[in-house]
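K.L.:
Following this line is model-v8.json, made up of JSON, C-alpha atoms:
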[["chain", "number", "residue", "atom", "x", "y", "z"],
["A", 1, "MET", "CA", 45.33, 186.57, 18.15],
["A", 2, "PRO", "CA", 48.68, 188.07, 19.07],
["A", 3, "LEU", "CA", 50.43, 186.57, 22.06],
["A", 4, "PRO", "CA", 52.94, 189.23, 23.14],
["A", 5, "PHE", "CA", 54.57, 187.07, 25.80],
["A", 6, "LEU", "CA", 55.88, 184.77, 23.06],
["A", 7, "THR", "CA", 57.80, 187.54, 21.29],
["A", 8, "ALA", "CA", 60.49, 187.87, 23.96],
["A", 9, "ASP", "CA", 62.60, 184.90, 22.92],
["A", 10, "ARG", "CA", 61.86, 185.26, 19.20],
["A", 11, "ALA", "CA", 63.71, 188.55, 19.19],
["A", 12, "PHE", "CA", 66.79, 186.73, 20.42],
["A", 13, "ASP", "CA", 66.27, 183.65, 18.24],
["A", 14, "ALA", "CA", 66.01, 185.71, 15.05],
["A", 15, "GLY", "CA", 69.74, 186.28, 14.96],
["A", 16, "ALA", "CA", 69.69, 189.54, 16.88],
["A", 17, "GLU", "CA", 72.74, 188.59, 18.92],
["A", 18, "ASP", "CA", 74.24, 192.05, 18.62],
["A", 19, "VAL", "CA", 71.03, 193.83, 19.65],
["A", 20, "ALA", "CA", 70.78, 193.92, 23.44],
["A", 21, "LEU", "CA", 67.33, 195.53, 23.58],
["A", 22, "PRO", "CA", 65.31, 193.97, 20.73],
["A", 23, "TYR", "CA", 62.08, 195.92, 21.35],
["A", 24, "ASP", "CA", 60.81, 198.95, 19.48],
["A", 25, "ASP", "CA", 58.85, 200.47, 22.36],
["A", 26, "HIS", "CA", 61.09, 200.80, 25.41],
["A", 27, "ASP", "CA", 58.40, 202.57, 27.46],
["A", 28, "SER", "CA", 56.17, 199.50, 27.78],
["A", 29, "TRP", "CA", 56.77, 196.98, 30.55],
["A", 30, "ARG", "CA", 58.05, 193.74, 29.02],
["A", 31, "ARG", "CA", 59.10, 190.38, 30.33],
["A", 32, "PRO", "CA", 62.47, 189.61, 28.67],
["A", 33, "TYR", "CA", 61.72, 185.86, 28.58],
["A", 34, "ARG", "CA", 58.90, 183.43, 27.98],
["A", 35, "PRO", "CA", 56.97, 182.03, 30.94],
["A", 36, "GLY", "CA", 58.39, 178.64, 31.84],
["A", 37, "PRO", "CA", 56.66, 175.29, 31.45],
["A", 38, "TRP", "CA", 56.10, 174.89, 35.20],
["A", 39, "ARG", "CA", 54.30, 178.24, 35.43],
["A", 40, "VAL", "CA", 52.22, 177.61, 32.31],
["A", 41, "SER", "CA", 51.33, 174.08, 33.47],
["A", 42, "ALA", "CA", 50.19, 175.35, 36.87],
["A", 43, "ALA", "CA", 48.05, 178.05, 35.24],
["A", 44, "ALA", "CA", 46.58, 175.51, 32.81],
["A", 45, "GLY", "CA", 45.75, 173.22, 35.73],
["A", 46, "LEU", "CA", 44.00, 176.08, 37.52],
["A", 47, "LEU", "CA", 42.03, 176.93, 34.38],
["A", 48, "LEU", "CA", 41.03, 173.28, 34.03],
["A", 49, "LEU", "CA", 39.84, 173.30, 37.64],
["A", 50, "ALA", "CA", 37.88, 176.49, 36.93],
["A", 51, "SER", "CA", 36.17, 174.84, 33.98],
["A", 52, "PHE", "CA", 35.02, 171.96, 36.19],
["A", 53, "VAL", "CA", 33.75, 174.43, 38.81],
["A", 54, "LEU", "CA", 31.85, 176.37, 36.11],
["A", 55, "PHE", "CA", 30.37, 173.11, 34.85],
["A", 56, "ALA", "CA", 29.30, 172.32, 38.41],
["A", 57, "ALA", "CA", 27.77, 175.81, 38.66],
["A", 58, "MET", "CA", 25.75, 175.13, 35.52],
["A", 59, "ILE", "CA", 24.48, 171.81, 36.89],
["A", 60, "ILE", "CA", 23.64, 173.36, 40.26],
["A", 61, "GLY", "CA", 21.88, 176.25, 38.54],
["A", 62, "LEU", "CA", 19.81, 173.90, 36.35],
["A", 63, "ALA", "CA", 18.90, 171.92, 39.46],
["A", 64, "GLY", "CA", 17.28, 175.03, 40.89],
["A", 65, "GLU", "CA", 19.82, 176.26, 43.48],
["A", 66, "PRO", "CA", 20.80, 179.77, 42.33],
["A", 67, "SER", "CA", 22.76, 180.58, 45.51],
["A", 68, "GLY", "CA", 24.93, 177.46, 45.10],
["A", 69, "ALA", "CA", 25.45, 178.24, 41.40],
["A", 70, "LEU", "CA", 26.45, 181.80, 42.25],
["A", 71, "LEU", "CA", 28.92, 180.56, 44.86],
["A", 72, "CYS", "CA", 30.49, 178.18, 42.32],
["A", 73, "MET", "CA", 30.75, 180.97, 39.73],
["A", 74, "VAL", "CA", 32.46, 183.25, 42.24],
["A", 75, "LEU", "CA", 34.86, 180.44, 43.16],
["A", 76, "ALA", "CA", 35.61, 179.85, 39.47],
["A", 77, "ALA", "CA", 36.23, 183.57, 38.96],
["A", 78, "VAL", "CA", 38.71, 183.57, 41.85],
["A", 79, "VAL", "CA", 40.52, 180.53, 40.41],
["A", 80, "ILE", "CA", 40.68, 182.17, 36.96],
["A", 81, "ALA", "CA", 42.05, 185.39, 38.50],
["A", 82, "CYS", "CA", 44.70, 183.34, 40.33],
["A", 83, "ALA", "CA", 45.72, 181.59, 37.10],
["A", 84, "LEU", "CA", 46.05, 184.90, 35.27],
["A", 85, "ARG", "CA", 48.05, 186.44, 38.12],
["A", 86, "LEU", "CA", 50.32, 183.40, 38.15],
["A", 87, "LEU", "CA", 51.10, 184.04, 34.49],
["A", 88, "ARG", "CA", 52.03, 187.68, 35.28],
["A", 89, "VAL", "CA", 54.55, 186.73, 37.99],
["A", 90, "GLY", "CA", 58.18, 187.40, 37.03],
["A", 91, "ALA", "CA", 60.64, 190.14, 36.15],
["A", 92, "TRP", "CA", 59.54, 192.98, 33.88],
["A", 93, "VAL", "CA", 61.70, 195.75, 32.42],
["A", 94, "SER", "CA", 61.16, 199.06, 30.67],
["A", 95, "ARG", "CA", 62.93, 202.35, 30.19],
["A", 96, "HIS", "CA", 61.61, 203.40, 33.61],
["A", 97, "GLY", "CA", 63.08, 200.56, 35.67],
["A", 98, "VAL", "CA", 62.81, 196.95, 36.67],
["A", 99, "ARG", "CA", 59.72, 195.42, 38.23],
["A", 100, "ARG", "CA", 59.46, 192.23, 40.28],
["A", 101, "VAL", "CA", 55.89, 190.99, 40.05],
["A", 102, "GLY", "CA", 54.97, 188.52, 42.75],
["A", 103, "PHE", "CA", 51.68, 186.76, 43.32],
["A", 104, "PHE", "CA", 50.60, 189.18, 46.05],
["A", 105, "ARG", "CA", 53.08, 192.03, 45.77],
["A", 106, "THR", "CA", 54.81, 194.04, 43.05],
["A", 107, "THR", "CA", 58.07, 195.93, 43.61],
["A", 108, "THR", "CA", 59.37, 198.49, 41.13],
["A", 109, "VAL", "CA", 62.87, 199.97, 41.19],
["A", 110, "ALA", "CA", 63.72, 202.87, 38.90],
["A", 111, "TRP", "CA", 66.96, 202.51, 37.00],
["A", 112, "SER", "CA", 68.25, 205.64, 38.70],
["A", 113, "ARG", "CA", 67.80, 203.93, 42.10],
["A", 114, "ALA", "CA", 69.26, 200.58, 41.02],
["A", 115, "GLY", "CA", 72.84, 200.16, 42.19],
["A", 116, "THR", "CA", 73.95, 196.94, 40.57],
["A", 117, "VAL", "CA", 72.18, 194.25, 38.61],
["A", 118, "ARG", "CA", 74.14, 191.00, 38.65],
["A", 119, "THR", "CA", 73.89, 187.24, 38.76],
["A", 120, "VAL", "CA", 75.14, 185.65, 41.99],
["A", 121, "GLN", "CA", 75.53, 182.14, 43.36],
["A", 122, "GLN", "CA", 73.39, 181.74, 46.47],
["A", 123, "PRO", "CA", 70.80, 179.46, 48.05],
["A", 124, "VAL", "CA", 67.53, 179.87, 46.14],
["A", 125, "LYS", "CA", 64.03, 178.53, 46.63],
["A", 126, "TRP", "CA", 63.08, 175.53, 44.52],
["A", 127, "LEU", "CA", 59.86, 176.40, 42.60],
["A", 128, "GLY", "CA", 59.03, 178.95, 45.30],
["A", 129, "PHE", "CA", 58.75, 176.34, 48.06],
["A", 130, "PRO", "CA", 60.57, 176.81, 51.39],
["A", 131, "ARG", "CA", 63.19, 174.23, 50.39],
["A", 132, "THR", "CA", 66.39, 175.92, 49.23],
["A", 133, "VAL", "CA", 69.04, 174.62, 46.88],
["A", 134, "GLN", "CA", 72.29, 176.11, 45.63],
["A", 135, "GLY", "CA", 71.69, 178.05, 42.46],
["A", 136, "GLN", "CA", 71.98, 181.33, 40.62],
["A", 137, "ALA", "CA", 69.87, 184.41, 41.17],
["A", 138, "LEU", "CA", 69.59, 187.77, 39.44],
["A", 139, "VAL", "CA", 69.66, 190.41, 42.17],
["A", 140, "VAL", "CA", 69.20, 194.17, 42.12],
["A", 141, "ALA", "CA", 70.98, 196.17, 44.80],
["A", 142, "ARG", "CA", 69.13, 199.41, 45.42],
["A", 143, "ARG", "CA", 70.99, 202.62, 46.21],
["A", 144, "GLY", "CA", 70.30, 203.84, 49.73],
["A", 145, "ALA", "CA", 67.85, 201.04, 50.54],
["A", 146, "GLY", "CA", 67.85, 197.40, 51.45],
["A", 147, "SER", "CA", 68.10, 194.64, 48.94],
["A", 148, "MET", "CA", 65.01, 193.27, 47.28],
["A", 149, "PRO", "CA", 64.30, 189.56, 46.74],
["A", 150, "PRO", "CA", 65.91, 188.06, 43.63],
["A", 151, "LEU", "CA", 64.30, 189.04, 40.34],
["A", 152, "MET", "CA", 64.64, 185.52, 39.01],
["A", 153, "THR", "CA", 66.44, 182.31, 39.90],
["A", 154, "ASP", "CA", 67.48, 179.30, 37.92],
["A", 155, "HIS", "CA", 65.19, 177.12, 40.07],
["A", 156, "ASP", "CA", 61.95, 179.10, 39.79],
["A", 157, "ALA", "CA", 58.91, 178.14, 37.72],
["A", 158, "ASP", "CA", 60.25, 179.91, 34.63],
["A", 159, "PHE", "CA", 63.76, 178.48, 34.46],
["A", 160, "LEU", "CA", 63.86, 175.08, 36.18],
["A", 161, "SER", "CA", 65.87, 172.84, 33.81],
["A", 162, "ARG", "CA", 66.22, 175.72, 31.32],
["A", 163, "SER", "CA", 69.70, 177.07, 32.02],
["A", 164, "GLU", "CA", 70.15, 178.62, 28.55],
["A", 165, "ALA", "CA", 66.89, 180.55, 28.90],
["A", 166, "PHE", "CA", 68.00, 181.76, 32.34],
["A", 167, "GLU", "CA", 71.32, 182.99, 30.95],
["A", 168, "ARG", "CA", 69.58, 184.75, 28.05],
["A", 169, "ALA", "CA", 67.04, 186.40, 30.39],
["A", 170, "THR", "CA", 69.68, 187.59, 32.87],
["A", 171, "ASP", "CA", 71.78, 188.96, 30.02],
["A", 172, "ALA", "CA", 68.74, 190.84, 28.71],
["A", 173, "VAL", "CA", 67.92, 192.39, 32.10],
["A", 174, "GLU", "CA", 71.57, 193.33, 32.63],
["A", 175, "ALA", "CA", 71.60, 194.93, 29.15],
["A", 176, "TRP", "CA", 68.51, 196.99, 30.05],
["A", 177, "ALA", "CA", 70.26, 198.01, 33.28],
["A", 178, "ASP", "CA", 73.44, 199.01, 31.45],
["A", 179, "GLU", "CA", 71.45, 201.02, 28.94],
["A", 180, "TYR", "CA", 69.25, 203.00, 31.35],
["A", 181, "ARG", "CA", 71.01, 203.00, 34.73],
["A", 182, "ARG", "CA", 72.77, 206.31, 35.17]]
Can the structure from this file be put into structure tokens for me?
P.N.:
Amino acid sequence: MPLPFLTADRAFDAGAEDVALPYDDHDSWRRPYRPGPWRVSAAAGLLLLASFVLFAAMIIGLAGEPSGALLCMVLAAVVIACALRLLRVGAWVSRHGVRRVGFFRTTTVAWSRAGTVRTVQQPVKWLGFPRTVQGQALVVARRGAGSMPPLMTDHDADFLSRSEAFERATDAVEAWADEYRR
């Protein structure tokens, strides 16, 4: 079974240091990095919780309470949907622009509307919690509009304690911006 989210770093690991955009199809939306261990662990925990809720639904259904079993199955479906959405959160790029996928909201900026794409030192949220720490963030300044939240930070669920991966991902997004921003 192909796992396309694992191919992002392999393109860089395979010695393609001189290739800034290592993908064949530039029209597809791609995440230029692998999901981090914190994000994958949280999604795995949610899927484990969903399996227990589905097991409870089976037991409740066998006990003769179809409404309780149905409620548990709906709850498990919601938890599974949350786990899958959590895995989609992050920065995505294509020939058309850059996309910041959040848990509840997705923002897309076309390359023609993107002013600058750069890494800055600023206070960033630690794992998305309200607590802020000093760190690096990849920001996109839009032309003629306000700024959008950072695309990625070095303290989010994808890059906490993975500074090399953060540098590689920011370089990849900046390379996409340099290639298509005109």
K.L.:
For A:Trp29, which residue out of A:Met152, A:Val120, A:Ala76, A:Val101 is the nearest one, using all atoms listed in the file?
P.N.:
A:Val101
K.L.:
In Å, with one decimal, what is the gap from atom CA of A:Ser161 to atom CA of A:Thr116?
P.N.:
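Atom-to-atom, atom CA of A:Ser161 to atom CA of A:Thr116, that is 26.3 Å.
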K.L.:
Would you work out the distance separating atom CA of A:Arg142 from atom CA of A:His155, expressed in Å to one decimal?
P.N.:
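Computing it gives 23.3 Å between the two atoms.
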K.L.:
Between A:Thr107, A:Thr119, A:Thr132, A:Ser163, which residue has the minimum interatomic distance to A:Pro149, considering all atoms listed in the file?
P.N.:
A:Thr107
K.L.:
For A:Ala165, which residue among A:Thr153, A:Ala141, A:Ala77, A:Ser67 is the nearest when counting all atoms listed in the file?
P.N.:
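Checking each of A:Thr153, A:Ala141, A:Ala77, A:Ser67 against A:Ala165, counting all atoms listed in the file, the winner is A:Thr153.
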K.L.:
A:Ser28, A:Val79, A:Tyr180, A:Val40: which is nearest A:Val53, counting only C-alpha atoms?
P.N.:
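Answer, going by the shortest atom-to-atom distance: A:Val79.
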K.L.:
Just give me the gap between atom CA of A:Pro66 and atom CA of A:Ala83 in Å, one decimal is fine.
P.N.:
25.5 Å
K.L.:
Determine the nearest neighbour of A:Ser94 from the options A:Ala50, A:Ala169, A:Val109, A:Val74, counting only C-alpha atoms.
P.N.:
A:Val109
K.L.:
Between A:Arg118, A:Arg168, A:Arg100, A:Arg113, single out the one closest to A:Ala137, counting only C-alpha atoms.
P.N.:
A:Arg118
K.L.:
List the spatial neighbours of A:Pro123 as a VMD selection string - criterion: any atom at most 8 Å away, only C-alpha atoms, same-chain residues fewer than 2 positions off excluded.
P.N.:
chain A and resid 121 125 132 to 136
